[in-house]
Amino acid sequence: MAEGLSAVARTGRHAAHVTAATAAGFYPALYLLDRPVAGVYALFTPIAFGILSPLPGAGRERAATVLRAVPAAAVLVVLGTVLAVGTWPAVAGMLAVGFALAFGAVCGPRIAGAAPGLQLFYILACFPPYEPGTLPQRLAGLAVGGALLALAEAFLFPDAPEPSYRERIADALDAAARAASGVVRGEGPDPEEAGRLGAAGRELRLSRLPAGARPTGAGRTDRALAQAGAATRRLLDQLALLTAHVPAPGDTVSADLLRGIAASCTETATALRRGRRERGRGRVLAGPQLLEEMVADFLKARGGAFDGREPVPRAVLVRRSTVLTAAVSAVTVRTAASLALGGRERLHGLPREQFWYAAEGTARLVAVRIRGNLTRRSVVFQNALRTALGLALARLVAGSLDLTHGFWVLLAVLTLGRTTAGATWSAVRAAAAGTLAGAFAAGLLIVGAGGASGVYAALLVPMMLVAFTLGPLGGPARGQGLFTLVVATAFAQIAPVTWRLAEARLVDVLTGSAIGLLCGLLAWPAGARAEIRYAMSGLLRAAAPLVRAASAAVTDGGGAPPDGPSPGVRLALHRLRIAEAAYAQYRTEPAADGSGAAHDWLAVLDHGSRTLVGAYWLPRTDGMPGLPPDARRWARKAAEEVATATVRAAGFPPDGVRARPAPLPPEVAARVPVPLLAPLTDVEVWLHALARDLEAGSGARPEEAPLPERAGP
């Protein structure tokens, strides 16, 4: 109930912003200056940026986004005005502009949010009559409408700012610091604390955030924030494991590293809230020592005696491995947070592959993102092509048939198109019914009011306020019906109209609906539900070789770390990003059937991410000279079993995939030199964690015999 009232209040505030800006620009242009063309653009600019565009942020942040988008809108108005010379030039321009703006979503949430509104400016300008002389009026109306909307967003009932992703990470790191300190104090087992940590990690999932608040941009800051959020989720999961089990009070080696984790989390959280990097070598410092140095000390000491016993008990080794993976996650968070805040990390002792973007310029990062999504398997590419084809076809039909107010045809395609044919059909049916009702009401209004422009002027403001408040909350039927009344009331003031204006509106919306539905049926009608299986399969196939390579690098030695990502890591990173985009869209689409219900796609993404982290951090040794041959064979066989199961899981068999890498046999472990047993344990728990992800992701039913505790990187 409270959430519903909050949504109504938020929508009402946005409606007030748009209505105030529209009235303040439209009425003076039309009645005081007698500039109807400027009035049209002053009318539609706030609607474009305030209603069509889901701009991220609140208050002044939205206002800044509007002001930054106005120059791009002006370019599109100029382009549309020039190409309105003929139908075919306008169609070609619509195809290019439609694809470029829709595909621009890969570059970040701000571009994605502003794209629908920017489309409208080209649509308005590219329709007849061809009058280049009115370009100054068009640009003036655009500038006035944009400035008025920015003022309304900033000062008229501004929305309260929501916590940024950076602040959410800081809150989660505070919880992690408290948990790490609690483990040091021996507070455990505490299943409730483990549950709270898991819940805090889930709140960092991008699917829990509004689309505009997600750090999905191509630049270094967004990439670093996304990496910091993912590493924080892993850190919380690993600390949840430690809090849920009986502590080991004599494990002073782990206690020292846990204190460093807590200090690092606290200082990183403080820096994120301040919004700038800490002074001192461009780093966020962790206590008297950098956390990386504490990890190095831990690696030297963890194979030593525990509580006077030699060798270290296996249970303690597994626990120390979990502590190490938590420290690895904390180092990743600290480094990524510093990069996000403008720091220039030198990455001493850190895997350069993991932070490959740190030394790249913005242009290079944008180019990498665009090139990676220029594939028919990218849902962003699919959506952009579907949108561009629909808008270009609508422009061709409207121009060829000389439809009155033909831009309404394109507006229907733009607002009613969905990512699946089923969802488009549902929207089209509702919009047709709503438009029919709205056209009937508009016809009655026009017949009753006739040419009394004062009546329309008096009705426009309350009608906009009602339409822009109830329309977004009531779905396509209510939205299209109320918007029909708004445009009829506005256009009746610009030029004399008859009831046929309502008829034209109905014909145009039905034509646009038919075109949108046709494109939805012909271009990837199943949306992400069809692509997600392919994307996840590709991710698993790319991850399998990394499992073998990382395990072999630990036992056999991998040489010096490369300066950049290896081809295998690059491929896995690319497949992970494609799969994440498919999953994000999949979560927004209605489930028309049970496809994918048996699979935990998030577990598949976790498997890919965990594989990459292991590939970054496990091969940090020069090999294991002196490792007994049977231990080496065990590591190779266990890694091969997980890699083979990963390839099998890529086919998503009906009964799922079971992966059961054999634990390190006690008799083999007894022959392993003490300094080598700890890194071998790291490999073991990593492989078992990957096996758990595989079973969950492939839909395999768990057996009574559980896998060892999930403590991998």
# chains A, B, ... in the order shown; residues from 1 in each chain; ligands from 1
$ select_by_dssp --residues "region 316-490 of chain A" --states "alpha helix (DSSP H)" --output "JSON, numbers by chain"
{"A": [316, 317, 318, 319, 320, 321, 322, 323, 324, 325, 326, 327, 328, 329, 330, 331, 332, 333, 334, 335, 336, 337, 338, 339, 340, 362, 363, 364, 365, 366, 367, 368, 369, 370, 371, 372, 373, 379, 380, 381, 382, 383, 384, 385, 386, 387, 388, 389, 390, 391, 392, 393, 394, 395, 396, 397, 398, 399, 400, 407, 408, 409, 410, 411, 412, 413, 414, 415, 416, 421, 422, 423, 424, 425, 426, 427, 428, 429, 430, 431, 432, 433, 434, 435, 436, 437, 438, 439, 440, 441, 442, 443, 444, 445, 446, 447, 448, 449, 453, 454, 455, 456, 457, 458, 459, 460, 461, 462, 463, 464, 465, 466, 467, 468, 469, 470, 471, 472, 473, 474, 475, 476, 477, 478, 479, 480, 481, 482, 483, 484, 485, 486, 487, 488, 489, 490]}
$ residues_around --residues "Ser181 (chain A)" --least-positions-apart "5" --cutoff "8 Å" --atoms "only C-alpha atoms" --output "ChimeraX atom specification"
/A:258-259,262
$ residues_around --residues "Glu162 (chain A)" --least-positions-apart "2" --cutoff "12 Å" --atoms "only C-alpha atoms" --output "list of chain:residue names"
A:Pro56, A:Gly57, A:Ala58, A:Gly59, A:Glu61, A:Pro158, A:Asp159, A:Ala160, A:Ser164, A:Tyr165, A:Arg166, A:Glu167, A:Arg168, A:Leu209, A:Pro210, A:Gly212, A:Ala213
$ write_last_selection --atoms "all heavy atoms" --output "compact mmCIF listing (two decimals), in the first residue's frame"
# COMPACT_ATOMS: atom_id res chain seq x y z
N PRO A 56 17.19 8.88 -15.62
CA PRO A 56 17.62 8.43 -14.29
C PRO A 56 17.79 9.59 -13.33
O PRO A 56 17.91 10.75 -13.72
CB PRO A 56 18.97 7.75 -14.58
CG PRO A 56 19.49 8.48 -15.79
CD PRO A 56 18.28 8.82 -16.61
N GLY A 57 17.80 9.25 -12.06
CA GLY A 57 18.08 10.24 -11.03
C GLY A 57 16.84 10.98 -10.58
O GLY A 57 15.71 10.59 -10.86
N ALA A 58 17.07 12.07 -9.87
CA ALA A 58 15.97 12.88 -9.33
C ALA A 58 16.42 14.32 -9.24
O ALA A 58 17.61 14.62 -9.12
CB ALA A 58 15.58 12.36 -7.94
N GLY A 59 15.45 15.24 -9.31
CA GLY A 59 15.73 16.65 -9.10
C GLY A 59 16.76 17.21 -10.05
O GLY A 59 16.63 17.15 -11.27
N GLU A 61 19.66 16.22 -10.82
CA GLU A 61 20.32 15.25 -11.69
C GLU A 61 19.54 15.08 -12.98
O GLU A 61 20.12 15.03 -14.08
CB GLU A 61 20.46 13.92 -10.95
CG GLU A 61 21.32 12.90 -11.68
CD GLU A 61 21.47 11.62 -10.88
OE1 GLU A 61 20.95 11.54 -9.76
OE2 GLU A 61 22.12 10.70 -11.41
N PRO A 158 10.80 18.81 -6.25
CA PRO A 158 11.83 17.86 -6.71
C PRO A 158 11.75 16.54 -5.95
O PRO A 158 11.40 16.50 -4.77
CB PRO A 158 13.14 18.59 -6.41
CG PRO A 158 12.80 19.54 -5.30
CD PRO A 158 11.37 19.97 -5.53
N ASP A 159 12.05 15.46 -6.66
CA ASP A 159 12.07 14.14 -6.04
C ASP A 159 13.24 14.06 -5.06
O ASP A 159 14.31 14.63 -5.28
CB ASP A 159 12.24 13.04 -7.09
CG ASP A 159 11.01 12.91 -7.97
OD1 ASP A 159 9.92 13.28 -7.48
OD2 ASP A 159 11.13 12.47 -9.12
N ALA A 160 13.02 13.32 -3.99
CA ALA A 160 14.12 13.05 -3.06
C ALA A 160 15.13 12.13 -3.72
O ALA A 160 14.75 11.15 -4.37
CB ALA A 160 13.58 12.41 -1.78
N SER A 164 22.58 6.18 -4.28
CA SER A 164 23.31 5.78 -5.48
C SER A 164 23.88 4.38 -5.29
O SER A 164 23.93 3.84 -4.18
CB SER A 164 24.44 6.77 -5.77
OG SER A 164 25.41 6.72 -4.74
N TYR A 165 24.34 3.80 -6.40
CA TYR A 165 24.95 2.47 -6.30
C TYR A 165 26.22 2.52 -5.46
O TYR A 165 26.53 1.59 -4.73
CB TYR A 165 25.25 1.93 -7.69
CG TYR A 165 25.57 0.46 -7.72
CD1 TYR A 165 24.63 -0.48 -7.33
CD2 TYR A 165 26.82 0.00 -8.12
CE1 TYR A 165 24.92 -1.84 -7.35
CE2 TYR A 165 27.12 -1.35 -8.15
CZ TYR A 165 26.16 -2.26 -7.76
OH TYR A 165 26.44 -3.60 -7.78
N ARG A 166 26.92 3.64 -5.55
CA ARG A 166 28.12 3.81 -4.74
C ARG A 166 27.78 3.77 -3.25
O ARG A 166 28.49 3.13 -2.45
CB ARG A 166 28.78 5.14 -5.11
CG ARG A 166 30.20 5.32 -4.61
CD ARG A 166 30.77 6.62 -5.09
NE ARG A 166 30.04 7.75 -4.56
CZ ARG A 166 29.73 8.84 -5.25
NH1 ARG A 166 30.06 8.92 -6.52
NH2 ARG A 166 29.08 9.84 -4.67
N GLU A 167 26.69 4.43 -2.88
CA GLU A 167 26.27 4.42 -1.47
C GLU A 167 25.78 3.04 -1.05
O GLU A 167 25.98 2.62 0.10
CB GLU A 167 25.18 5.47 -1.26
CG GLU A 167 25.69 6.90 -1.41
CD GLU A 167 24.55 7.91 -1.45
OE1 GLU A 167 23.45 7.56 -1.92
OE2 GLU A 167 24.78 9.05 -1.02
N ARG A 168 25.13 2.33 -1.94
CA ARG A 168 24.69 0.97 -1.62
C ARG A 168 25.89 0.07 -1.35
O ARG A 168 25.87 -0.76 -0.44
CB ARG A 168 23.85 0.41 -2.76
CG ARG A 168 22.50 1.10 -2.93
CD ARG A 168 21.82 0.63 -4.22
NE ARG A 168 20.62 1.37 -4.52
CZ ARG A 168 19.38 0.93 -4.28
NH1 ARG A 168 19.19 -0.25 -3.74
NH2 ARG A 168 18.33 1.67 -4.58
N LEU A 209 17.83 -2.65 -9.03
CA LEU A 209 17.94 -1.19 -9.18
C LEU A 209 17.10 -0.71 -10.35
O LEU A 209 16.87 -1.46 -11.32
CB LEU A 209 19.40 -0.79 -9.43
CG LEU A 209 20.43 -1.18 -8.37
CD1 LEU A 209 21.81 -0.82 -8.87
CD2 LEU A 209 20.14 -0.48 -7.07
N PRO A 210 16.63 0.54 -10.30
CA PRO A 210 16.03 1.12 -11.51
C PRO A 210 17.03 1.11 -12.65
O PRO A 210 18.25 1.23 -12.43
CB PRO A 210 15.68 2.55 -11.07
CG PRO A 210 15.68 2.52 -9.58
CD PRO A 210 16.65 1.46 -9.17
N GLY A 212 17.94 3.21 -14.80
CA GLY A 212 18.82 4.37 -14.92
C GLY A 212 19.87 4.47 -13.84
O GLY A 212 20.83 5.23 -13.98
N ALA A 213 19.73 3.72 -12.74
CA ALA A 213 20.69 3.79 -11.64
C ALA A 213 21.76 2.71 -11.73
O ALA A 213 22.64 2.65 -10.88
CB ALA A 213 19.96 3.68 -10.31
$ residues_around --residues "region 460-476 of chain A" --least-positions-apart "2" --cutoff "7 Å" --atoms "only C-alpha atoms" --output "list in words"
Thr11, Gly12, Ala15, Ala16, Thr19, Ala23, Ala427, Ala430, Ala431, Tyr456, Ala457, Ala458, Arg478, Gly479, Gln480, Leu482, Phe483, Val486, Thr489 and Ala490 of chain A
$ write_last_selection --atoms "N, CA and C atoms" --output "compact mmCIF listing (two decimals), in the first residue's frame"
# COMPACT_ATOMS: atom_id res chain seq x y z
N THR A 11 4.79 9.82 -9.61
CA THR A 11 4.26 10.07 -10.95
C THR A 11 3.55 11.42 -11.00
N GLY A 12 2.84 11.76 -9.93
CA GLY A 12 2.17 13.05 -9.88
C GLY A 12 3.15 14.21 -9.92
N ALA A 15 4.33 14.53 -13.44
CA ALA A 15 3.27 15.12 -14.25
C ALA A 15 3.21 16.63 -14.03
N ALA A 16 3.39 17.06 -12.79
CA ALA A 16 3.37 18.50 -12.50
C ALA A 16 4.55 19.20 -13.18
N THR A 19 3.70 19.31 -16.99
CA THR A 19 2.57 20.21 -17.24
C THR A 19 2.99 21.67 -17.08
N ALA A 23 2.99 24.26 -20.25
CA ALA A 23 2.12 25.43 -20.24
C ALA A 23 2.93 26.73 -20.32
N ALA A 427 0.12 -4.96 -25.65
CA ALA A 427 0.13 -3.50 -25.61
C ALA A 427 -0.72 -2.91 -26.74
N ALA A 430 -4.51 -3.24 -25.99
CA ALA A 430 -4.93 -2.26 -24.99
C ALA A 430 -4.91 -0.84 -25.57
N ALA A 431 -3.86 -0.52 -26.35
CA ALA A 431 -3.75 0.82 -26.91
C ALA A 431 -4.87 1.10 -27.91
N TYR A 456 -10.49 25.14 -25.16
CA TYR A 456 -9.35 24.20 -25.24
C TYR A 456 -8.18 24.68 -24.38
N ALA A 457 -7.97 26.00 -24.37
CA ALA A 457 -6.87 26.54 -23.56
C ALA A 457 -7.12 26.31 -22.07
N ALA A 458 -8.38 26.40 -21.66
CA ALA A 458 -8.69 26.18 -20.25
C ALA A 458 -8.59 24.71 -19.87
N ARG A 478 -5.17 3.25 -20.91
CA ARG A 478 -5.42 4.55 -20.30
C ARG A 478 -4.47 5.61 -20.84
N GLY A 479 -3.20 5.23 -21.02
CA GLY A 479 -2.23 6.19 -21.52
C GLY A 479 -2.57 6.71 -22.90
N GLN A 480 -2.89 5.82 -23.85
CA GLN A 480 -3.21 6.25 -25.20
C GLN A 480 -4.52 7.02 -25.25
N LEU A 482 -5.96 8.90 -22.84
CA LEU A 482 -5.80 10.23 -22.27
C LEU A 482 -4.89 11.11 -23.13
N PHE A 483 -3.84 10.51 -23.73
CA PHE A 483 -2.97 11.30 -24.58
C PHE A 483 -3.70 11.76 -25.84
N VAL A 486 -5.29 14.89 -24.91
CA VAL A 486 -4.31 15.97 -24.77
C VAL A 486 -3.95 16.55 -26.13
N THR A 489 -6.81 18.50 -27.74
CA THR A 489 -7.00 19.80 -27.10
C THR A 489 -5.90 20.79 -27.49
N ALA A 490 -4.67 20.30 -27.63
CA ALA A 490 -3.57 21.18 -28.01
C ALA A 490 -3.67 21.60 -29.47
$ residues_around --residues "region 385-389 of chain A" --least-positions-apart "2" --cutoff "7 Å" --atoms "only C-alpha atoms" --output "list of chain:residue names"
A:Leu95, A:Gly98, A:Phe99, A:Phe381, A:Gln382, A:Asn383, A:Leu391, A:Ala392, A:Leu393, A:Cys519, A:Ala523
$ residues_around --residues "Arg505 (chain A)" --least-positions-apart "3" --cutoff "12 Å" --atoms "only C-alpha atoms" --output "PyMOL selection string"
chain A and resi 403-412+432+434-440+442-443+480-481+483-488+491+499-502+508-512
$ residues_around --residues "Thr362 (chain A)" --least-positions-apart "5" --cutoff "10 Å" --atoms "only C-alpha atoms" --output "short mmCIF file (atom, residue, chain, number, x, y, z; two decimals) with N, CA and C atoms, in the first residue's frame"
data_model
loop_
_atom_site.label_atom_id
_atom_site.label_comp_id
_atom_site.auth_asym_id
_atom_site.auth_seq_id
_atom_site.Cartn_x
_atom_site.Cartn_y
_atom_site.Cartn_z
N ALA A 218 29.84 2.34 -20.48
CA ALA A 218 31.06 1.78 -21.06
C ALA A 218 32.32 2.39 -20.48
N GLY A 219 32.23 3.51 -19.77
CA GLY A 219 33.41 4.18 -19.25
C GLY A 219 34.04 3.48 -18.07
N ARG A 220 35.17 4.00 -17.65
CA ARG A 220 35.94 3.36 -16.60
C ARG A 220 35.21 3.41 -15.26
N THR A 221 34.53 4.52 -14.97
CA THR A 221 33.86 4.66 -13.68
C THR A 221 32.77 3.61 -13.51
N TYR A 357 40.67 -2.55 -17.88
CA TYR A 357 40.15 -1.27 -18.33
C TYR A 357 40.82 -0.09 -17.65
N ALA A 367 34.51 2.05 -27.69
CA ALA A 367 34.67 1.26 -28.91
C ALA A 367 34.61 -0.24 -28.62
N VAL A 368 35.22 -0.65 -27.52
CA VAL A 368 35.18 -2.06 -27.14
C VAL A 368 33.75 -2.50 -26.86
#
$ closest_residue --among "A:Ala140, A:Ala296, A:Leu445, A:Ala24" --to "Tyr41 (chain A)" --atoms "only C-alpha atoms"
A:Ala140
$ atom_distance --atom1 "CA of Val657 (chain A)" --atom2 "CA of Asp600 (chain A)"
12.6 Å
$ closest_residue --among "A:Ala125, A:Ala649, A:Leu120, A:Leu149" --to "Ala90 (chain A)" --atoms "only C-alpha atoms"
A:Ala125
$ atom_distance --atom1 "CA of Leu317 (chain A)" --atom2 "CA of Thr681 (chain A)"
7.0 Å
$ atom_distance --atom1 "CA of Gly697 (chain A)" --atom2 "CA of Arg529 (chain A)"
15.7 Å
$ closest_atom_pairs --of "region 222-263 of chain A" --to "region 335-342 of chain A" --cutoff "12 Å" --atoms "only C-alpha atoms" --output "tab-separated table"
residue	atom	partner	partner_atom	distance
A:Asp222	CA	A:Ala340	CA	7.0
A:Arg223	CA	A:Ala340	CA	7.9
A:Ala224	CA	A:Ala336	CA	4.9
A:Leu225	CA	A:Ala340	CA	5.8
A:Ala226	CA	A:Ala336	CA	8.6
A:Gln227	CA	A:Ala336	CA	6.4
A:Ala228	CA	A:Ala336	CA	5.3
A:Gly229	CA	A:Ala336	CA	9.0
A:Ala230	CA	A:Ala336	CA	10.3
A:Ala231	CA	A:Ala336	CA	9.0
A:Thr232	CA	A:Ala336	CA	10.4
$ closest_residue --among "A:Ser207, A:Asp174, A:Pro525, A:Pro313" --to "Cys265 (chain A)" --atoms "only C-alpha atoms"
A:Asp174
